[in-house]
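Enquirer: Below is entry_31.cif; it holds mmCIF, C-alpha atoms.
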```cif
data_query
loop_
_atom_site.label_atom_id
_atom_site.label_comp_id
_atom_site.auth_asym_id
_atom_site.auth_seq_id
_atom_site.Cartn_x
_atom_site.Cartn_y
_atom_site.Cartn_z
CA MET A 1 105.90 87.69 -25.59
CA LYS A 2 104.47 89.95 -22.93
CA ALA A 3 101.29 90.44 -24.95
CA SER A 4 100.77 86.69 -25.40
CA ARG A 5 101.34 86.04 -21.73
CA ILE A 6 98.85 88.74 -20.78
CA ALA A 7 96.26 87.21 -23.14
CA ALA A 8 96.81 83.73 -21.69
CA LEU A 9 96.50 84.99 -18.16
CA GLY A 10 93.24 86.75 -19.14
CA LEU A 11 91.74 83.54 -20.55
CA VAL A 12 92.70 81.57 -17.44
CA ALA A 13 91.18 84.24 -15.18
CA GLY A 14 87.94 84.32 -17.22
CA ALA A 15 87.58 80.53 -17.04
CA GLY A 16 88.14 80.61 -13.30
CA LEU A 17 85.49 83.26 -12.80
CA TRP A 18 82.96 81.27 -14.90
CA ILE A 19 83.59 78.14 -12.83
CA ALA A 20 83.31 80.04 -9.57
CA SER A 21 79.97 81.55 -10.59
CA GLY A 22 78.34 78.14 -10.36
CA HIS A 23 79.18 77.90 -6.72
CA PHE A 24 78.36 81.43 -5.60
CA LEU A 25 75.38 82.52 -7.77
CA PRO A 26 71.81 81.30 -6.75
CA ARG A 27 70.27 78.43 -8.83
CA GLU A 28 66.66 78.51 -7.57
CA SER A 29 65.30 80.41 -10.55
CA ALA A 30 66.89 78.04 -13.01
CA GLN A 31 65.56 74.98 -11.20
CA SER A 32 62.01 76.42 -10.91
CA ASN A 33 61.99 77.28 -14.59
CA ALA A 34 63.03 73.74 -15.42
CA ALA A 35 60.26 72.30 -13.18
CA ILE A 36 57.68 74.51 -14.84
CA ARG A 37 58.85 73.43 -18.26
CA THR A 38 58.66 69.77 -17.16
CA GLY A 39 55.12 70.22 -15.75
CA ASP A 40 53.96 71.87 -18.95
CA ALA A 41 55.42 69.03 -20.95
CA GLU A 42 53.64 66.45 -18.78
CA SER A 43 50.32 68.28 -19.05
CA LYS A 44 50.68 68.39 -22.81
CA LYS A 45 51.28 64.62 -22.86
CA LEU A 46 47.86 63.69 -21.31
CA PHE A 47 46.13 61.09 -23.50
CA ARG A 48 42.90 62.35 -25.01
CA VAL A 49 39.79 60.15 -24.92
CA ALA A 50 36.21 60.66 -26.12
CA VAL A 51 33.43 60.18 -23.59
CA VAL A 52 29.61 60.12 -23.56
CA PRO A 53 27.31 60.55 -20.55
CA ALA A 54 25.38 57.42 -19.53
CA SER A 55 22.15 58.01 -17.59
CA VAL A 56 20.49 55.18 -15.68
CA ILE A 57 16.77 54.80 -16.43
CA ALA A 58 14.08 52.13 -15.97
CA HIS A 59 14.47 50.24 -19.24
CA SER A 60 11.65 48.01 -20.51
CA ARG A 61 13.44 44.93 -21.71
CA LYS A 62 12.41 42.58 -24.50
CA LEU A 63 13.12 38.90 -24.64
CA VAL A 64 13.63 37.84 -28.28
CA VAL A 65 13.54 34.09 -28.94
CA SER A 66 13.43 32.22 -32.22
CA GLY A 67 10.64 29.67 -32.57
CA ARG A 68 8.08 28.35 -35.03
CA THR A 69 4.39 28.58 -35.80
CA GLU A 70 2.18 25.64 -34.92
CA ALA A 71 -1.45 24.88 -35.73
CA ASP A 72 -3.78 25.29 -32.78
CA LYS A 73 -5.34 21.86 -33.42
CA ARG A 74 -4.25 18.89 -35.50
CA VAL A 75 -5.98 15.54 -35.72
CA THR A 76 -5.94 12.46 -37.90
CA VAL A 77 -9.49 11.23 -38.43
CA MET A 78 -9.62 7.44 -38.26
CA ALA A 79 -12.15 4.79 -39.23
CA ARG A 80 -14.16 3.68 -36.22
CA THR A 81 -15.49 0.53 -37.89
CA GLY A 82 -14.50 -1.98 -40.55
CA GLY A 83 -15.20 -1.76 -44.28
CA VAL A 84 -13.88 -0.50 -47.61
CA LEU A 85 -13.40 3.22 -48.30
CA THR A 86 -15.96 3.77 -51.05
CA GLU A 87 -16.08 7.58 -51.19
CA LEU A 88 -13.65 10.37 -50.32
CA LYS A 89 -15.42 13.73 -50.46
CA VAL A 90 -12.44 16.05 -49.83
CA ARG A 91 -9.10 16.83 -51.38
CA ARG A 92 -5.83 18.02 -49.85
CA GLY A 93 -6.14 21.74 -48.99
CA ASP A 94 -9.96 21.80 -48.79
CA TRP A 95 -11.73 23.73 -46.04
CA VAL A 96 -14.34 21.74 -44.09
CA LYS A 97 -16.76 22.65 -41.34
CA ALA A 98 -17.59 20.66 -38.24
CA GLY A 99 -20.01 17.84 -39.16
CA ASP A 100 -19.22 17.81 -42.89
CA VAL A 101 -19.00 14.32 -44.43
CA ILE A 102 -15.40 13.73 -45.54
CA ALA A 103 -15.47 9.97 -46.30
CA VAL A 104 -17.86 7.01 -46.54
CA LEU A 105 -17.17 3.34 -45.84
CA SER A 106 -18.96 0.40 -47.41
CA ASP A 107 -22.30 -0.54 -45.83
CA ASP A 108 -21.34 -4.10 -44.85
CA ALA A 109 -24.96 -4.93 -43.75
CA ARG A 110 -25.09 -2.02 -41.29
CA GLU A 111 -28.30 -0.74 -42.88
CA ALA A 112 -29.84 -4.22 -42.65
CA GLN A 113 -28.98 -4.40 -38.97
CA VAL A 114 -30.80 -1.11 -38.41
CA ALA A 115 -33.89 -2.41 -40.26
CA GLN A 116 -33.85 -5.60 -38.20
CA ALA A 117 -33.58 -3.64 -34.95
CA LYS A 118 -36.47 -1.38 -35.96
CA ALA A 119 -38.64 -4.43 -36.71
CA LEU A 120 -37.86 -5.91 -33.32
CA VAL A 121 -38.81 -2.64 -31.60
CA THR A 122 -42.13 -2.63 -33.47
CA GLN A 123 -42.80 -6.22 -32.48
CA ARG A 124 -42.08 -5.65 -28.77
CA LYS A 125 -44.18 -2.49 -28.70
CA THR A 126 -47.12 -4.24 -30.38
CA GLU A 127 -46.98 -7.13 -27.90
CA LEU A 128 -46.95 -4.73 -24.97
CA ASP A 129 -49.87 -2.71 -26.35
CA ALA A 130 -51.92 -5.88 -26.98
CA LYS A 131 -51.58 -6.99 -23.37
CA GLN A 132 -52.18 -3.64 -21.71
CA ASN A 133 -55.91 -4.34 -21.29
CA LEU A 134 -55.22 -7.78 -19.82
CA LEU A 135 -52.75 -6.22 -17.38
CA ARG A 136 -55.32 -3.61 -16.28
CA THR A 137 -58.01 -6.29 -15.66
CA GLY A 138 -55.57 -8.62 -13.91
CA ALA A 139 -56.03 -11.43 -16.44
CA ILE A 140 -52.26 -11.86 -16.65
CA PRO A 141 -49.68 -11.37 -13.88
CA ARG A 142 -48.14 -7.89 -13.49
CA LEU A 143 -44.68 -9.49 -13.67
CA GLU A 144 -45.34 -10.48 -17.29
CA GLY A 145 -46.06 -6.84 -18.10
CA VAL A 146 -42.74 -5.79 -16.55
CA ASN A 147 -41.02 -8.45 -18.67
CA LEU A 148 -42.64 -7.10 -21.86
CA GLU A 149 -41.52 -3.57 -21.02
CA ALA A 150 -37.95 -4.78 -20.46
CA GLN A 151 -37.96 -6.55 -23.82
CA LEU A 152 -39.14 -3.35 -25.52
CA GLU A 153 -36.36 -1.28 -23.89
CA ALA A 154 -33.79 -3.89 -24.92
CA ALA A 155 -35.06 -3.73 -28.52
CA LYS A 156 -34.73 0.08 -28.47
CA ALA A 157 -31.16 -0.20 -27.17
CA ALA A 158 -30.32 -2.66 -29.97
CA LEU A 159 -31.75 -0.19 -32.50
CA ALA A 160 -29.62 2.66 -31.09
CA SER A 161 -26.52 0.45 -31.29
CA ALA A 162 -27.28 -0.49 -34.90
CA GLU A 163 -27.83 3.15 -35.87
CA ALA A 164 -24.53 4.14 -34.19
CA GLU A 165 -22.72 1.42 -36.10
CA ARG A 166 -24.25 2.70 -39.34
CA GLU A 167 -23.18 6.24 -38.46
CA ARG A 168 -19.60 5.06 -37.96
CA GLY A 169 -19.49 4.19 -41.64
CA VAL A 170 -19.91 7.91 -42.45
CA ILE A 171 -16.79 9.85 -41.38
CA ARG A 172 -17.38 13.50 -40.46
CA ALA A 173 -15.11 16.45 -39.62
CA PRO A 174 -14.85 16.95 -35.83
CA TRP A 175 -14.29 20.74 -36.16
CA ASP A 176 -13.58 23.46 -38.73
CA GLY A 177 -10.22 23.12 -40.44
CA PHE A 178 -8.11 22.43 -43.52
CA VAL A 179 -7.37 19.01 -44.98
CA SER A 180 -3.58 18.71 -44.80
CA ASP A 181 -3.13 15.04 -45.67
CA LEU A 182 -5.12 12.12 -47.14
CA PRO A 183 -3.61 8.82 -46.01
CA GLY A 184 -6.80 6.99 -47.03
CA GLU A 185 -7.50 5.89 -50.62
CA VAL A 186 -10.78 4.91 -52.28
CA GLY A 187 -11.04 1.13 -52.58
CA ARG A 188 -8.68 0.52 -49.70
CA ALA A 189 -10.02 -1.64 -46.89
CA ALA A 190 -10.21 0.12 -43.55
CA MET A 191 -9.25 -3.16 -41.91
CA SER A 192 -11.56 -5.12 -39.67
CA PHE A 193 -10.70 -3.04 -36.59
CA MET A 194 -10.72 0.61 -35.61
CA GLY A 195 -7.73 2.86 -36.25
CA ALA A 196 -7.16 3.12 -40.03
CA ASP A 197 -6.13 6.71 -40.94
CA ILE A 198 -8.47 8.49 -43.35
CA VAL A 199 -7.88 12.28 -43.27
CA THR A 200 -5.60 14.69 -41.37
CA LEU A 201 -7.13 18.05 -40.37
CA VAL A 202 -5.48 21.20 -39.02
CA ALA A 203 -7.06 24.33 -37.49
CA LEU A 204 -5.17 27.52 -38.44
CA ASN A 205 -7.15 30.12 -36.51
CA PRO A 206 -5.81 30.96 -34.04
CA MET A 207 -2.20 30.18 -34.93
CA LEU A 208 0.38 29.49 -32.23
CA ALA A 209 3.92 30.83 -32.04
CA VAL A 210 5.86 28.31 -29.95
CA ILE A 211 9.21 29.10 -28.32
CA GLU A 212 11.48 27.38 -25.82
CA VAL A 213 12.68 29.60 -22.95
CA SER A 214 15.54 28.91 -20.54
CA GLU A 215 14.91 28.75 -16.80
CA LYS A 216 16.77 32.03 -16.19
CA LYS A 217 14.37 34.02 -18.38
CA LEU A 218 11.15 32.22 -17.53
CA GLY A 219 10.36 34.33 -14.45
CA GLY A 220 9.46 37.45 -16.43
CA ILE A 221 6.84 35.74 -18.64
CA LYS A 222 3.19 35.51 -17.58
CA VAL A 223 0.00 34.24 -19.21
CA GLY A 224 -1.81 37.20 -20.79
CA ASP A 225 1.33 39.19 -21.65
CA MET A 226 1.33 40.80 -25.08
CA ALA A 227 3.89 39.53 -27.59
CA GLU A 228 4.95 40.18 -31.17
CA ALA A 229 5.92 37.51 -33.68
CA ARG A 230 8.02 38.37 -36.74
CA LEU A 231 7.83 35.72 -39.43
CA VAL A 232 10.69 34.77 -41.70
CA THR A 233 8.52 36.02 -44.59
CA GLY A 234 8.75 39.57 -43.19
CA GLU A 235 5.22 39.75 -41.79
CA SER A 236 4.46 40.38 -38.13
CA ALA A 237 1.52 39.64 -35.85
CA GLN A 238 0.48 40.63 -32.33
CA GLY A 239 -0.82 38.11 -29.82
CA LYS A 240 -0.99 37.07 -26.17
CA VAL A 241 0.83 34.44 -24.15
CA ARG A 242 -1.72 31.70 -23.45
CA PHE A 243 0.48 28.95 -22.00
CA VAL A 244 3.72 28.78 -19.98
CA ALA A 245 4.94 25.27 -19.18
CA LYS A 246 5.50 24.34 -15.56
CA THR A 247 7.84 21.46 -16.36
CA ALA A 248 11.01 21.56 -18.44
CA SER A 249 11.85 19.41 -21.43
CA GLN A 250 13.91 16.40 -20.42
CA THR A 251 16.29 16.85 -23.36
CA THR A 252 16.77 20.65 -23.63
CA ARG A 253 15.85 21.73 -20.07
CA THR A 254 13.80 24.58 -21.54
CA TYR A 255 10.17 25.55 -21.00
CA ARG A 256 7.52 25.69 -23.72
CA VAL A 257 5.74 29.02 -24.17
CA GLU A 258 2.78 29.44 -26.54
CA VAL A 259 1.67 32.78 -28.00
CA GLU A 260 -1.81 32.84 -29.54
CA LEU A 261 -1.91 34.83 -32.81
CA PRO A 262 -5.18 35.78 -34.54
CA ASN A 263 -5.20 34.31 -38.06
CA PRO A 264 -8.69 34.96 -39.51
CA ASP A 265 -7.48 35.06 -43.12
CA TYR A 266 -5.18 32.04 -42.65
CA ALA A 267 -2.20 34.09 -43.87
CA ILE A 268 0.16 32.59 -41.28
CA PRO A 269 1.14 29.06 -42.33
CA ASP A 270 1.88 26.18 -40.01
CA GLY A 271 5.53 25.36 -39.24
CA ILE A 272 7.18 28.61 -40.35
CA THR A 273 10.12 30.17 -38.47
CA ALA A 274 9.12 33.07 -36.21
CA GLU A 275 11.04 35.47 -33.95
CA VAL A 276 8.97 36.22 -30.85
CA SER A 277 9.49 39.37 -28.76
CA LEU A 278 8.20 39.29 -25.20
CA PRO A 279 8.24 42.39 -22.94
CA LEU A 280 9.83 41.85 -19.54
CA ALA A 281 9.68 43.85 -16.31
CA PRO A 282 11.58 47.20 -16.42
CA THR A 283 15.04 47.23 -14.85
CA PRO A 284 17.55 50.07 -14.16
CA ALA A 285 20.03 50.24 -17.04
CA ALA A 286 22.17 52.64 -19.04
CA ARG A 287 22.49 52.77 -22.84
CA VAL A 288 26.06 52.70 -24.17
CA PRO A 289 27.56 52.04 -27.64
CA ARG A 290 28.59 48.47 -28.28
CA SER A 291 32.11 49.68 -29.10
CA ALA A 292 32.50 51.01 -25.54
CA LEU A 293 32.59 47.51 -24.05
CA THR A 294 36.01 46.19 -23.20
CA ILE A 295 37.57 43.37 -21.18
CA SER A 296 39.65 43.85 -18.04
CA SER A 297 42.89 42.05 -17.26
CA THR A 298 40.88 39.58 -15.16
CA GLY A 299 38.49 38.78 -18.03
CA ASP A 300 35.49 40.80 -16.80
CA ILE A 301 33.28 42.61 -19.32
CA GLY A 302 32.77 46.28 -18.62
CA VAL A 303 33.48 49.86 -19.64
CA ARG A 304 36.09 52.44 -18.70
CA THR A 305 34.91 55.71 -17.19
CA VAL A 306 36.53 59.06 -16.45
CA ALA A 307 36.05 60.83 -13.11
CA ASP A 308 35.81 64.60 -12.71
CA ASP A 309 39.54 64.81 -11.99
CA GLY A 310 40.36 62.90 -15.20
CA THR A 311 41.15 59.55 -13.56
CA VAL A 312 40.31 56.40 -15.53
CA ALA A 313 38.45 53.54 -13.82
CA PHE A 314 37.13 50.17 -15.03
CA VAL A 315 33.51 49.31 -14.15
CA SER A 316 32.17 45.78 -14.58
CA VAL A 317 28.69 45.72 -16.15
CA GLY A 318 25.92 43.22 -16.78
CA ILE A 319 24.19 42.90 -20.14
CA VAL A 320 20.49 43.77 -19.81
CA GLU A 321 19.58 43.89 -23.51
CA ASP A 322 21.52 43.66 -26.76
CA GLU A 323 20.56 45.96 -29.63
CA GLN A 324 22.11 46.37 -33.05
CA THR A 325 24.45 49.28 -32.26
CA TYR A 326 23.86 49.87 -28.54
CA MET A 327 23.85 47.84 -25.36
CA TRP A 328 21.73 48.29 -22.25
CA VAL A 329 23.93 47.53 -19.25
CA SER A 330 23.62 47.52 -15.47
CA GLY A 331 26.26 48.45 -12.90
CA LEU A 332 26.96 52.04 -13.97
CA GLY A 333 26.34 55.04 -11.77
CA ASP A 334 23.99 57.77 -12.94
CA ASP A 335 25.62 60.34 -15.29
CA ALA A 336 28.82 58.32 -15.57
CA ARG A 337 31.20 59.43 -18.32
CA VAL A 338 31.95 56.38 -20.44
CA ILE A 339 34.98 56.27 -22.72
CA VAL A 340 33.89 55.41 -26.26
CA GLN A 341 37.18 56.16 -28.05
CA GLY A 342 40.58 55.22 -26.67
CA GLN A 343 39.37 52.95 -23.86
CA ASP A 344 41.74 50.17 -24.95
CA PHE A 345 44.80 52.45 -24.75
CA VAL A 346 44.46 53.62 -21.14
CA ARG A 347 44.73 51.89 -17.78
CA ASP A 348 43.04 52.23 -14.42
CA GLY A 349 44.24 55.24 -12.40
CA GLN A 350 45.72 57.00 -15.42
CA LYS A 351 45.08 60.72 -15.86
CA VAL A 352 43.53 61.55 -19.23
CA GLU A 353 41.97 64.46 -21.04
CA ALA A 354 38.26 63.72 -21.53
CA VAL A 355 36.55 65.27 -24.57
CA ASP A 356 32.87 64.98 -25.47
CA ALA A 357 32.40 62.48 -28.28
CA LYS A 358 30.23 64.98 -30.18
CA GLU A 359 33.12 67.46 -30.30
CA VAL A 360 35.43 64.76 -31.61
CA THR A 361 32.92 63.89 -34.34
CA ALA A 362 32.46 67.53 -35.30
CA THR A 363 36.23 68.05 -35.47
CA THR A 364 36.63 64.96 -37.64
CA ARG A 365 34.01 66.23 -40.04
#
```
Can you give me the file's structure in the form of structure tokens?

Expert:
Amino acid sequence: MKASRIAALGLVAGAGLWIASGHFLPRESAQSNAAIRTGDAESKKLFRVAVVPASVIAHSRKLVVSGRTEADKRVTVMARTGGVLTELKVRRGDWVKAGDVIAVLSDDAREAQVAQAKALVTQRKTELDAKQNLLRTGAIPRLEGVNLEAQLEAAKAALASAEAERERGVIRAPWDGFVSDLPGEVGRAAMSFMGADIVTLVALNPMLAVIEVSEKKLGGIKVGDMAEARLVTGESAQGKVRFVAKTASQTTRTYRVEVELPNPDYAIPDGITAEVSLPLAPTPAARVPRSALTISSTGDIGVRTVADDGTVAFVSVGIVEDEQTYMWVSGLGDDARVIVQGQDFVRDGQKVEAVDAKEVTATTR
């Protein structure tokens, strides 16, 4: 009994001493160790992001607009007098030179009118020559001589009119070009008035690349600027801007721009789709991956950057030029560190661990 009591008293005394130690022994070392362990745990929990440096340079932009090719000149040759189309000397697709005969109308007494006018000129000239001696001697009044001269000039004018009417029956090409359409048919009457369509001609050299540009992008385009046109067939051609419209289309509110493309071998057809690239004035911009762009809580487009102390910040940017895998943007400071991996999982003001994107790629490999 004594032994059990002694053991019980020993246990009670030991428990009392253990409880009392909490009140009398210092706790600073234990607390500091706990704080250190907590700080280490927090530092280990920093979110890791991949960043790339973005340097601001003067970037030469390109305006790329889809358009179409268009023949430099197009005209429908019409009959300028009445008659029947008796001869058509060209076929669709033929090449003609300026002045070549492309169609002939029936004579319809035009040749006879020329012969009659020539005879009248001969008659008036003979009458004037016969009376020249009488005029010099004063046998007839000088006024009669003036009258004969006027009649001769009138006969010459009638002859010129008759010859012009005869010439209208022969239809000629106004300039070099290709025959694209033949609305006229042999045997068809050209009506008794001017305006019946005979042949449609197009000039393919030079060829035009025509685009429609919005008012916001019109300011950077000037006549004489170099441009490149990429055709839907895969071919490309270099040319110069030759026309920039000063008035907008009433329907689309865009401005017509024409690029003149050399086409000596007529390889560029009329009416084909073309993508035209126009260089614009250089502007300060930084090149970032497309994947780096994100949207803020307010709906602004931008990127997230990391400061030297590891703090995340959102920077709104403007799109300068859109490429296939990269974007040229404005609004970034020089040598900014842009987050390219993990930007959608961090928030502004958060501390992160920034790692170079190249190191992340090498580690992944």

Enquirer: List as a list in words the protein and nucleic acid residues near Ala285 (chain A), meaning an atom at most 6 Å away when only C-alpha atoms are counted, but skip any in the same chain fewer than 2 places from it.

Expert: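 Final neighbour list, sorted by chain and number: Val56, Ile57, His59, Trp328, Val329 and Ser330 of chain A.
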
Enquirer: Go through A:Val340, A:Val210, A:Val223, A:Val306 and flag the residue nearest Arg68 (chain A), using all atoms listed in the file for the distances.

Expert: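 With all atoms listed in the file as the atom set, the closest residue is A:Val210.
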
Enquirer: Carefully work through the PyMOL selection byres ((chain A and resi 197) around 7) for this structure and note down the residues it includes, as a ChimeraX atom specification.

Expert: /A:76-79,183-184,195-196,198-199

Enquirer: On this structure, the PyMOL selection byres ((chain A and resi 333) around 10) would catch which residues? List them as a ChimeraX atom specification, sorted by chain and number.

Expert: /A:54-56,285-286,315,330-332,334-337

Enquirer: So that I can see what lies close to Arg48 (chain A), please list as a ChimeraX atom specification the residues with an atom at most 9 Å from it, counting all atoms listed in the file and leaving out residues fewer than 4 positions away in the same chain.

Expert: /A:341-342,352-355

Enquirer: Which residue is closest to Val320 (chain A)? Choose from A:Val232, A:Leu63, A:Gly169, A:Pro53 and count all atoms listed in the file.

Expert: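 Using all atoms listed in the file, Val320 (chain A) sits closest to A:Leu63.
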
Enquirer: With a distance cut-off of 10 Å and all atoms listed in the file, select the neighbouring residues of Gln113 (chain A), excluding the residue or stretch itself and same-chain residues fewer than 5 positions from it, and output the selection as a PDB file with C-alpha atoms, in the coordinates of the input.

Expert:
```pdb
ATOM      1  CA  ASP A 108     -21.340  -4.100 -44.850  1.00  0.00           C
ATOM      2  CA  LYS A 118     -36.470  -1.380 -35.960  1.00  0.00           C
ATOM      3  CA  ALA A 119     -38.640  -4.430 -36.710  1.00  0.00           C
ATOM      4  CA  ALA A 158     -30.320  -2.660 -29.970  1.00  0.00           C
ATOM      5  CA  LEU A 159     -31.750  -0.190 -32.500  1.00  0.00           C
ATOM      6  CA  SER A 161     -26.520   0.450 -31.290  1.00  0.00           C
ATOM      7  CA  ALA A 162     -27.280  -0.490 -34.900  1.00  0.00           C
ATOM      8  CA  GLU A 163     -27.830   3.150 -35.870  1.00  0.00           C
ATOM      9  CA  GLU A 165     -22.720   1.420 -36.100  1.00  0.00           C
ATOM     10  CA  ARG A 166     -24.250   2.700 -39.340  1.00  0.00           C
TER      11      ARG A 166
END
```

Enquirer: Apply the PyMOL selection byres ((chain A and resi 270) around 7) to the displayed file and report the matching residues as a list in words.

Expert: Thr69, Glu70, Ala71, Ile268, Pro269, Gly271 and Ile272 of chain A

Enquirer: With distances taken over all atoms listed in the file, which residue among A:Ala98, A:Leu148, A:Ala103, A:Leu120 lies nearest Phe178 (chain A)?

Expert: A:Ala98

Enquirer: Can you sort out region 238-257 of chain A so it carries N, CA and C atoms, written as a PDB file, in the frame of the given file?

Expert:
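selection11.pdb was written with the following content:
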```pdb
ATOM      1  N   GLN A 238       0.559  40.412 -33.761  1.00  0.00           N
ATOM      2  CA  GLN A 238       0.480  40.630 -32.330  1.00  0.00           C
ATOM      3  C   GLN A 238      -0.389  39.536 -31.693  1.00  0.00           C
ATOM      4  N   GLY A 239      -0.035  39.128 -30.510  1.00  0.00           N
ATOM      5  CA  GLY A 239      -0.820  38.110 -29.820  1.00  0.00           C
ATOM      6  C   GLY A 239      -0.572  38.153 -28.321  1.00  0.00           C
ATOM      7  N   LYS A 240      -1.124  37.169 -27.614  1.00  0.00           N
ATOM      8  CA  LYS A 240      -0.990  37.070 -26.170  1.00  0.00           C
ATOM      9  C   LYS A 240      -0.428  35.705 -25.789  1.00  0.00           C
ATOM     10  N   VAL A 241       0.317  35.702 -24.703  1.00  0.00           N
ATOM     11  CA  VAL A 241       0.830  34.440 -24.150  1.00  0.00           C
ATOM     12  C   VAL A 241      -0.348  33.690 -23.530  1.00  0.00           C
ATOM     13  N   ARG A 242      -0.591  32.469 -23.988  1.00  0.00           N
ATOM     14  CA  ARG A 242      -1.720  31.700 -23.450  1.00  0.00           C
ATOM     15  C   ARG A 242      -1.270  30.482 -22.639  1.00  0.00           C
ATOM     16  N   PHE A 243       0.017  30.124 -22.739  1.00  0.00           N
ATOM     17  CA  PHE A 243       0.480  28.950 -22.000  1.00  0.00           C
ATOM     18  C   PHE A 243       1.967  29.103 -21.686  1.00  0.00           C
ATOM     19  N   VAL A 244       2.323  28.834 -20.425  1.00  0.00           N
ATOM     20  CA  VAL A 244       3.720  28.780 -19.980  1.00  0.00           C
ATOM     21  C   VAL A 244       3.896  27.461 -19.245  1.00  0.00           C
ATOM     22  N   ALA A 245       4.765  26.605 -19.762  1.00  0.00           N
ATOM     23  CA  ALA A 245       4.940  25.270 -19.180  1.00  0.00           C
ATOM     24  C   ALA A 245       5.481  25.353 -17.760  1.00  0.00           C
ATOM     25  N   LYS A 246       5.033  24.440 -16.931  1.00  0.00           N
ATOM     26  CA  LYS A 246       5.500  24.340 -15.560  1.00  0.00           C
ATOM     27  C   LYS A 246       6.584  23.286 -15.383  1.00  0.00           C
ATOM     28  N   THR A 247       6.789  22.474 -16.400  1.00  0.00           N
ATOM     29  CA  THR A 247       7.840  21.460 -16.360  1.00  0.00           C
ATOM     30  C   THR A 247       8.749  21.633 -17.569  1.00  0.00           C
ATOM     31  N   ALA A 248      10.017  21.367 -17.376  1.00  0.00           N
ATOM     32  CA  ALA A 248      11.010  21.560 -18.440  1.00  0.00           C
ATOM     33  C   ALA A 248      11.114  20.311 -19.311  1.00  0.00           C
ATOM     34  N   SER A 249      11.579  20.528 -20.534  1.00  0.00           N
ATOM     35  CA  SER A 249      11.850  19.410 -21.430  1.00  0.00           C
ATOM     36  C   SER A 249      13.006  18.584 -20.876  1.00  0.00           C
ATOM     37  N   GLN A 250      12.878  17.272 -20.953  1.00  0.00           N
ATOM     38  CA  GLN A 250      13.910  16.400 -20.420  1.00  0.00           C
ATOM     39  C   GLN A 250      15.199  16.458 -21.224  1.00  0.00           C
ATOM     40  N   THR A 251      15.104  16.826 -22.487  1.00  0.00           N
ATOM     41  CA  THR A 251      16.290  16.850 -23.360  1.00  0.00           C
ATOM     42  C   THR A 251      16.968  18.221 -23.379  1.00  0.00           C
ATOM     43  N   THR A 252      16.185  19.314 -23.489  1.00  0.00           N
ATOM     44  CA  THR A 252      16.770  20.650 -23.630  1.00  0.00           C
ATOM     45  C   THR A 252      16.758  21.453 -22.337  1.00  0.00           C
ATOM     46  N   ARG A 253      15.997  21.018 -21.332  1.00  0.00           N
ATOM     47  CA  ARG A 253      15.850  21.730 -20.070  1.00  0.00           C
ATOM     48  C   ARG A 253      15.315  23.138 -20.282  1.00  0.00           C
ATOM     49  N   THR A 254      14.474  23.304 -21.283  1.00  0.00           N
ATOM     50  CA  THR A 254      13.800  24.580 -21.540  1.00  0.00           C
ATOM     51  C   THR A 254      12.306  24.411 -21.347  1.00  0.00           C
ATOM     52  N   TYR A 255      11.601  25.552 -21.283  1.00  0.00           N
ATOM     53  CA  TYR A 255      10.170  25.550 -21.000  1.00  0.00           C
ATOM     54  C   TYR A 255       9.402  26.046 -22.227  1.00  0.00           C
ATOM     55  N   ARG A 256       8.341  25.352 -22.559  1.00  0.00           N
ATOM     56  CA  ARG A 256       7.520  25.690 -23.720  1.00  0.00           C
ATOM     57  C   ARG A 256       6.613  26.877 -23.392  1.00  0.00           C
ATOM     58  N   VAL A 257       6.605  27.850 -24.290  1.00  0.00           N
ATOM     59  CA  VAL A 257       5.740  29.020 -24.170  1.00  0.00           C
ATOM     60  C   VAL A 257       4.960  29.156 -25.477  1.00  0.00           C
TER      61      VAL A 257
END
```
